[in-house]
Structure formats: C-alpha cells, structure tokens
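This is my_file.cif (mmCIF, C-alpha atoms and all ligand atoms).
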data_start
loop_
_atom_site.label_atom_id
_atom_site.label_comp_id
_atom_site.auth_asym_id
_atom_site.auth_seq_id
_atom_site.Cartn_x
_atom_site.Cartn_y
_atom_site.Cartn_z
CA MET N 1 135.60 74.76 140.95
CA SER N 2 133.22 76.83 138.86
CA ARG N 3 134.81 76.18 135.48
CA LEU N 4 132.58 74.35 133.05
CA SER N 5 134.31 72.31 130.39
CA GLY N 6 133.67 69.30 128.22
CA ARG N 7 130.45 68.26 126.56
CA PRO N 8 127.87 67.16 129.10
CA GLY N 9 125.42 66.01 126.42
CA LEU N 10 127.93 63.52 125.08
CA TRP N 11 128.78 62.30 128.56
CA LEU N 12 125.12 61.72 129.19
CA ALA N 13 124.77 59.71 126.03
CA SER N 14 126.83 56.71 127.07
CA LEU N 15 125.19 56.62 130.49
CA LEU N 16 121.74 56.87 129.00
CA LEU N 17 122.59 54.04 126.64
CA ALA N 18 123.44 51.78 129.52
CA VAL N 19 120.29 52.63 131.46
CA VAL N 20 117.99 52.06 128.51
CA SER N 21 119.79 48.94 127.48
CA THR N 22 119.57 47.29 130.86
CA THR N 23 115.85 47.88 131.11
CA ALA N 24 114.30 46.69 127.87
CA ARG N 25 113.68 43.54 125.90
CA SER N 26 115.73 40.39 125.48
CA HIS N 27 118.71 40.19 123.18
CA PRO N 28 122.02 38.35 123.41
CA ALA N 29 124.67 40.29 125.33
CA PRO N 30 127.10 42.05 122.95
CA GLN N 31 130.84 41.62 123.21
CA PRO N 32 133.17 44.65 123.57
CA ARG N 33 134.88 45.61 120.34
CA ALA N 34 138.52 44.63 120.30
CA ASP N 35 139.59 47.05 117.56
CA ARG N 36 138.76 50.27 119.39
CA ASP N 37 139.19 51.58 122.87
CA PRO N 38 137.13 54.75 123.27
CA ILE N 39 136.85 54.50 127.03
CA ALA N 40 139.69 54.45 129.48
CA PHE N 41 139.19 51.83 132.14
CA ARG N 42 140.64 52.19 135.58
CA SER N 43 140.02 49.19 137.69
CA GLY N 44 140.88 48.78 141.29
CA ARG N 45 140.05 46.78 144.32
CA VAL N 46 137.65 48.53 146.63
CA GLU N 47 137.75 47.59 150.25
CA ALA N 48 134.09 47.48 151.10
CA PRO N 49 132.78 47.66 154.65
CA ALA N 50 131.18 44.52 156.04
CA TRP N 51 127.59 45.54 155.33
CA GLU N 52 128.46 46.24 151.69
CA ARG N 53 130.15 42.84 151.35
CA ALA N 54 127.05 41.29 152.84
CA ALA N 55 124.89 43.20 150.35
CA SER N 56 126.87 41.85 147.39
CA GLY N 57 126.06 38.33 148.49
CA THR N 58 122.32 38.77 148.86
CA GLY N 59 121.22 39.11 145.24
CA PRO N 60 120.76 36.31 142.73
CA ALA N 61 123.79 35.59 140.53
CA ARG N 62 123.23 37.02 137.06
CA GLY N 63 125.12 36.45 133.84
CA ALA N 64 125.80 39.25 131.36
CA ALA N 65 122.98 38.03 129.10
CA ASP N 66 120.48 38.56 131.89
CA LEU N 67 121.87 41.94 132.88
CA PHE N 68 121.88 43.54 129.45
CA LEU N 69 118.68 43.02 127.57
CA ARG N 70 119.20 45.16 124.52
CA GLU N 71 121.75 44.97 121.75
CA PRO N 72 123.20 48.05 120.01
CA PRO N 73 122.79 49.77 117.69
CA ASP N 74 119.31 50.60 118.80
CA SER N 75 116.82 53.03 117.27
CA LEU N 76 115.27 53.96 120.63
CA VAL N 77 118.65 54.92 122.04
CA ALA N 78 119.44 56.96 118.93
CA ALA N 79 116.11 58.81 119.21
CA LEU N 80 116.70 59.61 122.90
CA MET N 81 120.16 60.90 122.15
CA ASP N 82 118.72 63.19 119.48
CA SER N 83 116.27 64.55 122.07
CA THR N 84 118.97 65.42 124.62
CA ASN N 85 118.70 69.10 125.52
CA VAL N 86 122.20 70.34 126.28
CA ASP N 87 120.94 73.89 126.92
CA ASN N 88 118.77 72.51 129.74
CA MET N 89 121.77 70.76 131.20
CA ILE N 90 123.94 73.88 131.09
CA ALA N 91 121.12 75.89 132.73
CA THR N 92 120.94 73.30 135.51
CA ILE N 93 124.69 73.48 136.09
CA GLN N 94 124.52 77.29 136.25
CA ARG N 95 121.57 77.25 138.66
CA LEU N 96 123.33 74.85 141.00
CA GLN N 97 126.43 77.06 140.96
CA ASP N 98 124.25 80.06 141.78
CA PHE N 99 123.43 78.59 145.19
CA GLY N 100 126.96 79.75 146.02
CA SER N 101 127.73 76.75 148.19
CA ARG N 102 126.40 73.23 148.45
CA TYR N 103 128.63 72.37 151.37
CA VAL N 104 126.65 69.97 153.50
CA VAL N 105 126.66 72.13 156.63
CA VAL N 106 125.06 75.20 155.01
CA ASP N 107 121.39 75.91 154.35
CA SER N 108 121.95 76.46 150.63
CA CYS N 109 122.88 72.76 150.28
CA TRP N 110 119.37 71.93 151.48
CA ALA N 111 117.92 74.59 149.17
CA ALA N 112 119.71 72.92 146.27
CA GLY N 113 118.25 69.55 147.29
CA TYR N 114 114.72 70.97 147.31
CA TRP N 115 115.41 72.59 143.94
CA VAL N 116 116.41 69.19 142.51
CA ARG N 117 113.25 67.65 144.01
CA ASP N 118 111.16 70.33 142.27
CA ARG N 119 112.82 69.57 138.92
CA PHE N 120 111.96 65.85 139.19
CA GLU N 121 108.35 66.74 140.00
CA GLU N 122 108.20 69.32 137.25
CA CYS N 123 109.10 66.74 134.64
CA GLY N 124 106.31 64.45 135.83
CA TYR N 125 107.65 62.15 138.54
CA ALA N 126 105.10 61.56 141.28
CA ASP N 127 107.35 59.33 143.40
CA VAL N 128 110.12 61.68 144.59
CA ARG N 129 111.59 61.00 148.01
CA LEU N 130 113.57 63.21 150.34
CA ASP N 131 115.65 60.83 152.40
CA THR N 132 117.17 62.60 155.40
CA PHE N 133 119.89 61.11 157.55
CA ARG N 134 122.34 62.17 160.21
CA THR N 135 126.00 62.19 159.26
CA MET N 136 129.39 63.68 160.05
CA SER N 137 130.77 66.70 158.22
CA PHE N 138 134.40 67.72 158.58
CA GLN N 139 133.37 69.71 161.64
CA ASP N 140 130.24 68.37 163.19
CA SER N 141 127.34 65.98 163.16
CA VAL N 142 124.69 67.30 160.76
CA TYR N 143 121.55 66.24 158.94
CA ALA N 144 121.70 65.77 155.18
CA MET N 145 119.22 64.78 152.48
CA ASN N 146 119.29 62.52 149.42
CA VAL N 147 116.81 63.26 146.62
CA VAL N 148 115.51 60.15 144.86
CA ALA N 149 112.94 59.77 142.05
CA VAL N 150 111.53 56.39 141.12
CA LYS N 151 110.18 55.26 137.75
CA GLU N 152 108.30 51.98 137.89
CA GLY N 153 109.18 49.21 135.44
CA THR N 154 106.61 47.26 133.44
CA THR N 155 107.51 43.56 133.44
CA ARG N 156 110.33 43.50 136.05
CA PRO N 157 109.30 46.28 138.45
CA SER N 158 111.06 44.72 141.42
CA GLU N 159 114.45 44.93 139.64
CA TYR N 160 116.16 48.31 139.78
CA VAL N 161 118.66 50.20 137.68
CA VAL N 162 120.08 53.11 139.67
CA LEU N 163 121.60 56.22 138.07
CA GLY N 164 123.14 58.70 140.47
CA GLY N 165 125.63 61.37 141.43
CA HIS N 166 126.18 63.64 144.40
CA TYR N 167 124.85 67.19 144.47
CA ASP N 168 126.75 68.44 147.50
CA SER N 169 130.04 70.26 147.06
CA VAL N 170 133.00 71.49 149.04
CA ASN N 171 135.70 74.13 148.79
CA ALA N 172 138.78 71.98 148.17
CA GLU N 173 141.14 74.61 149.57
CA ASN N 174 139.24 75.11 152.78
CA PHE N 175 137.25 72.16 154.06
CA TYR N 176 136.60 73.77 157.41
CA ASP N 177 135.14 77.15 156.49
CA PRO N 178 131.36 76.98 156.05
CA LEU N 179 131.44 80.44 154.45
CA ALA N 180 133.90 79.48 151.72
CA PRO N 181 132.32 79.36 148.25
CA ALA N 182 131.61 75.87 146.95
CA PRO N 183 129.69 76.22 143.66
CA GLY N 184 130.97 72.87 142.29
CA ALA N 185 130.21 72.92 138.54
CA GLU N 186 132.02 69.80 137.37
CA ASP N 187 132.10 68.37 140.87
CA ASN N 188 129.31 67.67 140.64
CA ALA N 189 126.54 69.82 139.13
CA THR N 190 127.30 68.22 135.75
CA ALA N 191 126.22 64.83 137.08
CA VAL N 192 123.03 66.25 138.58
CA ALA N 193 122.27 67.80 135.18
CA ALA N 194 122.83 64.39 133.55
CA VAL N 195 120.59 62.60 136.07
CA LEU N 196 117.81 65.18 135.58
CA GLU N 197 118.11 65.07 131.80
CA ALA N 198 118.04 61.27 131.76
CA ALA N 199 114.96 61.38 133.99
CA ARG N 200 113.29 63.82 131.60
CA LEU N 201 114.13 61.75 128.52
CA LEU N 202 113.05 58.43 130.04
CA ARG N 203 109.87 59.60 131.73
CA ASP N 204 107.54 58.35 128.98
CA VAL N 205 109.67 55.43 127.82
CA PRO N 206 108.32 52.11 129.10
CA THR N 207 111.13 50.09 130.65
CA ASP N 208 110.98 46.53 131.90
CA ARG N 209 112.98 47.33 135.04
CA SER N 210 112.36 50.16 137.48
CA ILE N 211 114.79 53.07 137.48
CA ILE N 212 115.94 55.06 140.48
CA PHE N 213 117.35 58.52 139.75
CA ALA N 214 119.41 59.57 142.76
CA CYS N 215 121.16 62.77 143.83
CA TRP N 216 123.24 62.12 146.92
CA SER N 217 124.30 64.51 149.66
CA ALA N 218 127.30 64.39 152.04
CA GLU N 219 129.42 62.62 149.42
CA GLU N 220 132.41 64.87 149.93
CA GLU N 221 132.69 63.95 153.61
CA GLY N 222 132.81 60.21 152.96
CA LEU N 223 130.06 59.00 150.57
CA TRP N 224 127.54 59.23 153.38
CA GLY N 225 124.47 59.79 151.23
CA SER N 226 125.00 56.75 149.03
CA ARG N 227 126.09 54.65 152.02
CA ASN N 228 122.84 55.55 153.71
CA PHE N 229 120.90 54.52 150.60
CA VAL N 230 122.77 51.19 150.39
CA ALA N 231 122.11 50.45 154.05
CA SER N 232 118.37 50.97 153.47
CA ALA N 233 118.49 48.94 150.25
CA VAL N 234 120.08 46.01 152.09
CA GLU N 235 117.48 46.27 154.84
CA GLU N 236 114.66 46.21 152.26
CA SER N 237 116.39 43.52 150.11
CA LEU N 238 116.11 45.84 147.12
CA ASP N 239 117.10 44.00 143.94
CA ILE N 240 119.56 46.43 142.33
CA VAL N 241 120.79 45.08 139.00
CA VAL N 242 123.14 47.91 138.04
CA TYR N 243 124.30 51.18 139.59
CA LEU N 244 125.93 53.85 137.43
CA ASN N 245 127.65 56.62 139.37
CA MET N 246 128.68 59.89 137.79
CA ASP N 247 131.32 62.13 139.28
CA CYS N 248 133.19 65.07 137.73
CA ILE N 249 131.75 64.52 134.26
CA GLY N 250 132.90 67.25 131.90
CA TYR N 251 136.01 67.79 134.03
CA LEU N 252 138.56 67.26 131.27
CA GLU N 253 139.00 69.52 128.28
CA PRO N 254 138.47 67.52 125.06
CA SER N 255 141.85 66.28 123.91
CA PRO N 256 143.00 63.92 121.15
CA ASP N 257 145.52 62.43 123.57
CA GLU N 258 143.09 61.31 126.22
CA ALA N 259 140.05 59.07 126.21
CA PRO N 260 137.02 61.31 126.77
CA VAL N 261 135.33 58.92 129.17
CA THR N 262 136.89 57.15 132.11
CA VAL N 263 135.03 54.24 133.61
CA PHE N 264 136.11 53.43 137.13
CA THR N 265 135.32 49.84 137.81
CA ASP N 266 136.20 46.87 139.95
CA SER N 267 136.28 43.19 139.14
CA LEU N 268 132.60 42.71 140.02
CA SER N 269 131.58 45.44 137.56
CA LEU N 270 133.66 44.48 134.52
CA ALA N 271 130.60 43.24 132.63
CA ILE N 272 128.80 46.58 132.83
CA ALA N 273 132.01 48.48 132.04
CA GLY N 274 132.58 46.40 128.90
CA TYR N 275 128.97 46.82 127.90
CA MET N 276 129.21 50.60 128.19
CA GLN N 277 132.25 50.53 125.92
CA THR N 278 130.31 48.53 123.34
CA LEU N 279 127.37 50.93 123.51
CA ALA N 280 129.57 53.98 123.18
CA SER N 281 131.30 52.44 120.16
CA ALA N 282 127.99 51.74 118.47
CA HIS N 283 126.28 55.07 119.18
CA THR N 284 128.87 57.83 119.52
CA ASP N 285 132.09 59.07 117.92
CA TYR N 286 134.19 58.21 120.98
ZN ZN N 301 132.55 64.44 143.30
#
For the file at hand, write its structure as structure tokens.
Amino acid sequence: MSRLSGRPGLWLASLLLAVVSTTARSHPAPQPRADRDPIAFRSGRVEAPAWERAASGTGPARGAADLFLREPPDSLVAALMDSTNVDNMIATIQRLQDFGSRYVVVDSCWAAGYWVRDRFEECGYADVRLDTFRTMSFQDSVYAMNVVAVKEGTTRPSEYVVLGGHYDSVNAENFYDPLAPAPGAEDNATAVAAVLEAARLLRDVPTDRSIIFACWSAEEEGLWGSRNFVASAVEESLDIVVYLNMDCIGYLEPSPDEAPVTVFTDSLSLAIAGYMQTLASAHTDY
C-alpha cells in the first residue's frame, strides 16, 4: 500500500481542467473527439439510497452548455498546468504515509486530518471546516472528520464545483487490527495531494462558481464521510453543479497497453465524463 507509481502531476491536470472549465466564462460546450480515446470509461448503474435519489431531483435541470462554461484549448488552463508543483505533491504523499496509519479508528487518522487542514490554511484559505460525524468502523462506532475548504465564486457564488478524495486508509489484509500499518500512498494520499495542489493553484484565480475542496474520512468503511457531506448538502439545498472524486490516482504503472486515466461514471454523469475526455485531448498527451 505504500508503493508510489504513476505521474500524479499529469493525473491532476485533467481534473484541474474540468474544475477551471466549469467555473469560468461562457462558451459553447465542446463535443468529445471521436478520433481518439485517451480515457477509459467504465460506466455502471449505482444503486443510490433514497436520500441520494431525492437529492438528484432537487436541483434545476442543466444542459451541457450551462454546465461547462469554457472551451479548450485554454491559455489559463495551460498556465495552471505549467505551475503544477509535482515535488510538492510527492512531499504530501510521503508526509501522509509517515503518519503510519490513517485507519479511521486510530488517533493518527485525526492527526492527518488536522495536517490537511493546516495545509489549506497555509496556502491562504480562510474558510476551512472540520466536519465531525459519528460513524461505524469495521469494529465499532467512532467519530470521524471531513476537512473541507471553500473558495467563493464571483458571479455564481451559490453554485458549487466540488473536488474531493478520501484521506483515510486501511490495511487491506487486516481490516480488524487497529495496529496494522495503513500508510495508503495511492489509496489515497495521491488524491489528497491533488486536491491540495489544485487548491494552491486556484487560490488566486477568480472563478464564477464557488469551489469546495474536500478530503473525506471513513471512506474505507462505506463512504461515510462523503455520505455525511451529501446529507448536509441536501438539508441546506446546496446547489452542486459537478463533483469530481479521485481515488487511487497514480495506482497503475504507465503502460502503452492501458489508458492512463479511468473515469468511472454513470448515466447521469456522462456529460462531465465526455467533457473531461475533450479537455484531456486538448491539453495533454493522453
Ligand atoms: Zn480509496
């Protein structure tokens, strides 16, 4: 679980493209390129619990043109990609591994959460929230904590783009031993590094929509951190336009036989998945 492979900077790029491009000015929505398939798509039907089905029916219906406001290629995106600091990201991944375990029942998982909070604040975010909730681990009922930073949009501040990934980890060979090491590099310190780097890069970039950078806890026991966030979002009628989740980025060794990015999607999310493919085609060598 501690092996680091892949190129986290390149993984960040396509995600960053989507975040920037869903938060800026009006352009017609681009169509996915038919002549190239740099991203593997895996679609599937997700059986959502009742409150999630209810949530999907509460927002206004949006077409692709309203979701994606920026057309690639785009000079701002290119400049942000050039500013990506891969060394920072690798240092973040190493630091998170050095906690030894981010299993939700152990204190070092909380320490990692506070460390992530400090990184958001260090790069200039004033609105960083520690959202604690009670949940079930494999063994017991415990408290856990999401870490969420908010960047306010300019012209559409009540619309949100959410970029997230879980920071907790687990020892896959021993779910029930709280003392087992669980350093979790590519599951999922890589995603935390990408979220933090995106937050750093976008801090001073005005965006029409607000952005929520989220690091979830208690994912490994059943997505409890993100479920808790969604429940609150439904309660507050939060207008979430797009959510991009990152899990196990950098897991695969680069290979000519496999697409370097896999987008897991469902039928409701095909528009964003196709848009990410278009962005990656325009701005990377995928
Ligand atoms: Zn994971």
In Å to one decimal, how far is atom CA of Ala214 of chain N from atom CA of Glu186 of chain N?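 Separation of atom CA of Glu186 of chain N and atom CA of Ala214 of chain N: 17.1 Å.
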List all protein, DNA and RNA residues that have an atom no more than 7 Å from any atom of ligand ZN 301 (chain N), counting only C-alpha atoms and all ligand atoms, and report them as a VMD selection string. chain N and resid 166 187 to 188 220 247 to 248
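A straight line drawn from atom CA of Met89 of chain N to atom CA of Trp224 of chain N is 25.7 Å long.
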Residue contacts of segment 135-146 of chain N (9 Å, all atoms listed in the file) excluding same-chain residues fewer than 4 positions away, as a ChimeraX atom specification: /N:104-105,109-110,113,129-131,166-167,175-176,214-218,220-222,224-226,228-229
Restricting the calculation to all atoms listed in the file, which member of N:Phe133, N:Phe68, N:Asn174, N:Ala149 is positioned closest to Arg227 of chain N?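 The answer is N:Phe133, which sits nearest to Arg227 of chain N.
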Mind giving me the straight-line distance from atom CA of Asp98 of chain N to atom CA of Arg134 of chain N in Å, one decimal? 25.8 Å
List every residue of segment 67-174 of chain N that has an atom at most 12 Å from any atom of segment 268-281 of chain N, giving for each one its closest atom pair and the distance in Å to one decimal, counting all atoms listed in the file, sorted by chain and then by ascending residue number, as JSON lines.
{"residue": "N:Leu67", "atom": "CA", "partner": "N:Ile272", "partner_atom": "CA", "distance": 8.3}
{"residue": "N:Phe68", "atom": "CA", "partner": "N:Tyr275", "partner_atom": "CA", "distance": 8.0}
{"residue": "N:Leu69", "atom": "CA", "partner": "N:Tyr275", "partner_atom": "CA", "distance": 11.0}
{"residue": "N:Arg70", "atom": "CA", "partner": "N:Leu279", "partner_atom": "CA", "distance": 10.1}
{"residue": "N:Glu71", "atom": "CA", "partner": "N:Leu279", "partner_atom": "CA", "distance": 8.4}
{"residue": "N:Pro72", "atom": "CA", "partner": "N:Leu279", "partner_atom": "CA", "distance": 6.2}
{"residue": "N:Pro73", "atom": "CA", "partner": "N:Leu279", "partner_atom": "CA", "distance": 7.5}
{"residue": "N:Asp74", "atom": "CA", "partner": "N:Leu279", "partner_atom": "CA", "distance": 9.3}
{"residue": "N:Val77", "atom": "CA", "partner": "N:Leu279", "partner_atom": "CA", "distance": 9.7}
{"residue": "N:Ala78", "atom": "CA", "partner": "N:Leu279", "partner_atom": "CA", "distance": 11.0}
{"residue": "N:Met81", "atom": "CA", "partner": "N:Ala280", "partner_atom": "CA", "distance": 11.7}
{"residue": "N:Val161", "atom": "CA", "partner": "N:Ile272", "partner_atom": "CA", "distance": 11.8}
Around (113.9, 43.9, 139.9) in the file's own coordinates, what residues are found within 7 Å if you use only C-alpha atoms, given back as a ChimeraX atom specification? /N:156-160,209-210,239-240
Would you mind listing what lies within 10 Å of segment 181-185 of chain N as a PDB file with C-alpha atoms, keeping the file's coordinate frame, with all atoms listed in the file counted and same-chain residues fewer than 3 positions away left out?
ATOM      1  CA  MET N   1     135.600  74.760 140.950  1.00  0.00           C
ATOM      2  CA  SER N   2     133.220  76.830 138.860  1.00  0.00           C
ATOM      3  CA  ARG N   3     134.810  76.180 135.480  1.00  0.00           C
ATOM      4  CA  LEU N   4     132.580  74.350 133.050  1.00  0.00           C
ATOM      5  CA  SER N   5     134.310  72.310 130.390  1.00  0.00           C
ATOM      6  CA  ILE N  90     123.940  73.880 131.090  1.00  0.00           C
ATOM      7  CA  THR N  92     120.940  73.300 135.510  1.00  0.00           C
ATOM      8  CA  ILE N  93     124.690  73.480 136.090  1.00  0.00           C
ATOM      9  CA  GLN N  94     124.520  77.290 136.250  1.00  0.00           C
ATOM     10  CA  ARG N  95     121.570  77.250 138.660  1.00  0.00           C
ATOM     11  CA  LEU N  96     123.330  74.850 141.000  1.00  0.00           C
ATOM     12  CA  GLN N  97     126.430  77.060 140.960  1.00  0.00           C
ATOM     13  CA  ASP N  98     124.250  80.060 141.780  1.00  0.00           C
ATOM     14  CA  PHE N  99     123.430  78.590 145.190  1.00  0.00           C
ATOM     15  CA  GLY N 100     126.960  79.750 146.020  1.00  0.00           C
ATOM     16  CA  SER N 101     127.730  76.750 148.190  1.00  0.00           C
ATOM     17  CA  ARG N 102     126.400  73.230 148.450  1.00  0.00           C
ATOM     18  CA  TYR N 103     128.630  72.370 151.370  1.00  0.00           C
ATOM     19  CA  CYS N 109     122.880  72.760 150.280  1.00  0.00           C
ATOM     20  CA  TYR N 167     124.850  67.190 144.470  1.00  0.00           C
ATOM     21  CA  ASP N 168     126.750  68.440 147.500  1.00  0.00           C
ATOM     22  CA  SER N 169     130.040  70.260 147.060  1.00  0.00           C
ATOM     23  CA  VAL N 170     133.000  71.490 149.040  1.00  0.00           C
ATOM     24  CA  ASN N 171     135.700  74.130 148.790  1.00  0.00           C
ATOM     25  CA  ALA N 172     138.780  71.980 148.170  1.00  0.00           C
ATOM     26  CA  GLU N 173     141.140  74.610 149.570  1.00  0.00           C
ATOM     27  CA  ASN N 174     139.240  75.110 152.780  1.00  0.00           C
ATOM     28  CA  PHE N 175     137.250  72.160 154.060  1.00  0.00           C
ATOM     29  CA  ASP N 177     135.140  77.150 156.490  1.00  0.00           C
ATOM     30  CA  PRO N 178     131.360  76.980 156.050  1.00  0.00           C
ATOM     31  CA  ASN N 188     129.310  67.670 140.640  1.00  0.00           C
ATOM     32  CA  ALA N 189     126.540  69.820 139.130  1.00  0.00           C
ATOM     33  CA  THR N 190     127.300  68.220 135.750  1.00  0.00           C
ATOM     34  CA  ALA N 191     126.220  64.830 137.080  1.00  0.00           C
ATOM     35  CA  VAL N 192     123.030  66.250 138.580  1.00  0.00           C
ATOM     36  CA  CYS N 248     133.190  65.070 137.730  1.00  0.00           C
ATOM     37  CA  ILE N 249     131.750  64.520 134.260  1.00  0.00           C
ATOM     38  CA  GLY N 250     132.900  67.250 131.900  1.00  0.00           C
ATOM     39  CA  TYR N 251     136.010  67.790 134.030  1.00  0.00           C
TER      40      TYR N 251
END
Pick from N:Thr132, N:Ser83, N:Thr265, N:Thr284 nearest to Leu244 of chain N, counting all atoms listed in the file: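 Smallest distance to Leu244 of chain N is found for N:Thr265.
In this comparison, which uses only C-alpha atoms, the residue of N:Tyr125, N:Phe213, N:Phe120, N:Trp115 approaching Val162 of chain N most closely is N:Phe213.
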Measuring between all atoms listed in the file, which one of N:Val263, N:Arg119, N:Thr155, N:Gly165 shows the shortest distance to Asp208 of chain N? N:Thr155
Using only C-alpha atoms, can you tell me which of N:Leu196, N:Leu179, N:Ala91, N:Leu76 comes closest to Glu121 of chain N?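 Once distances to Glu121 of chain N are computed over only C-alpha atoms, the minimum belongs to N:Leu196.
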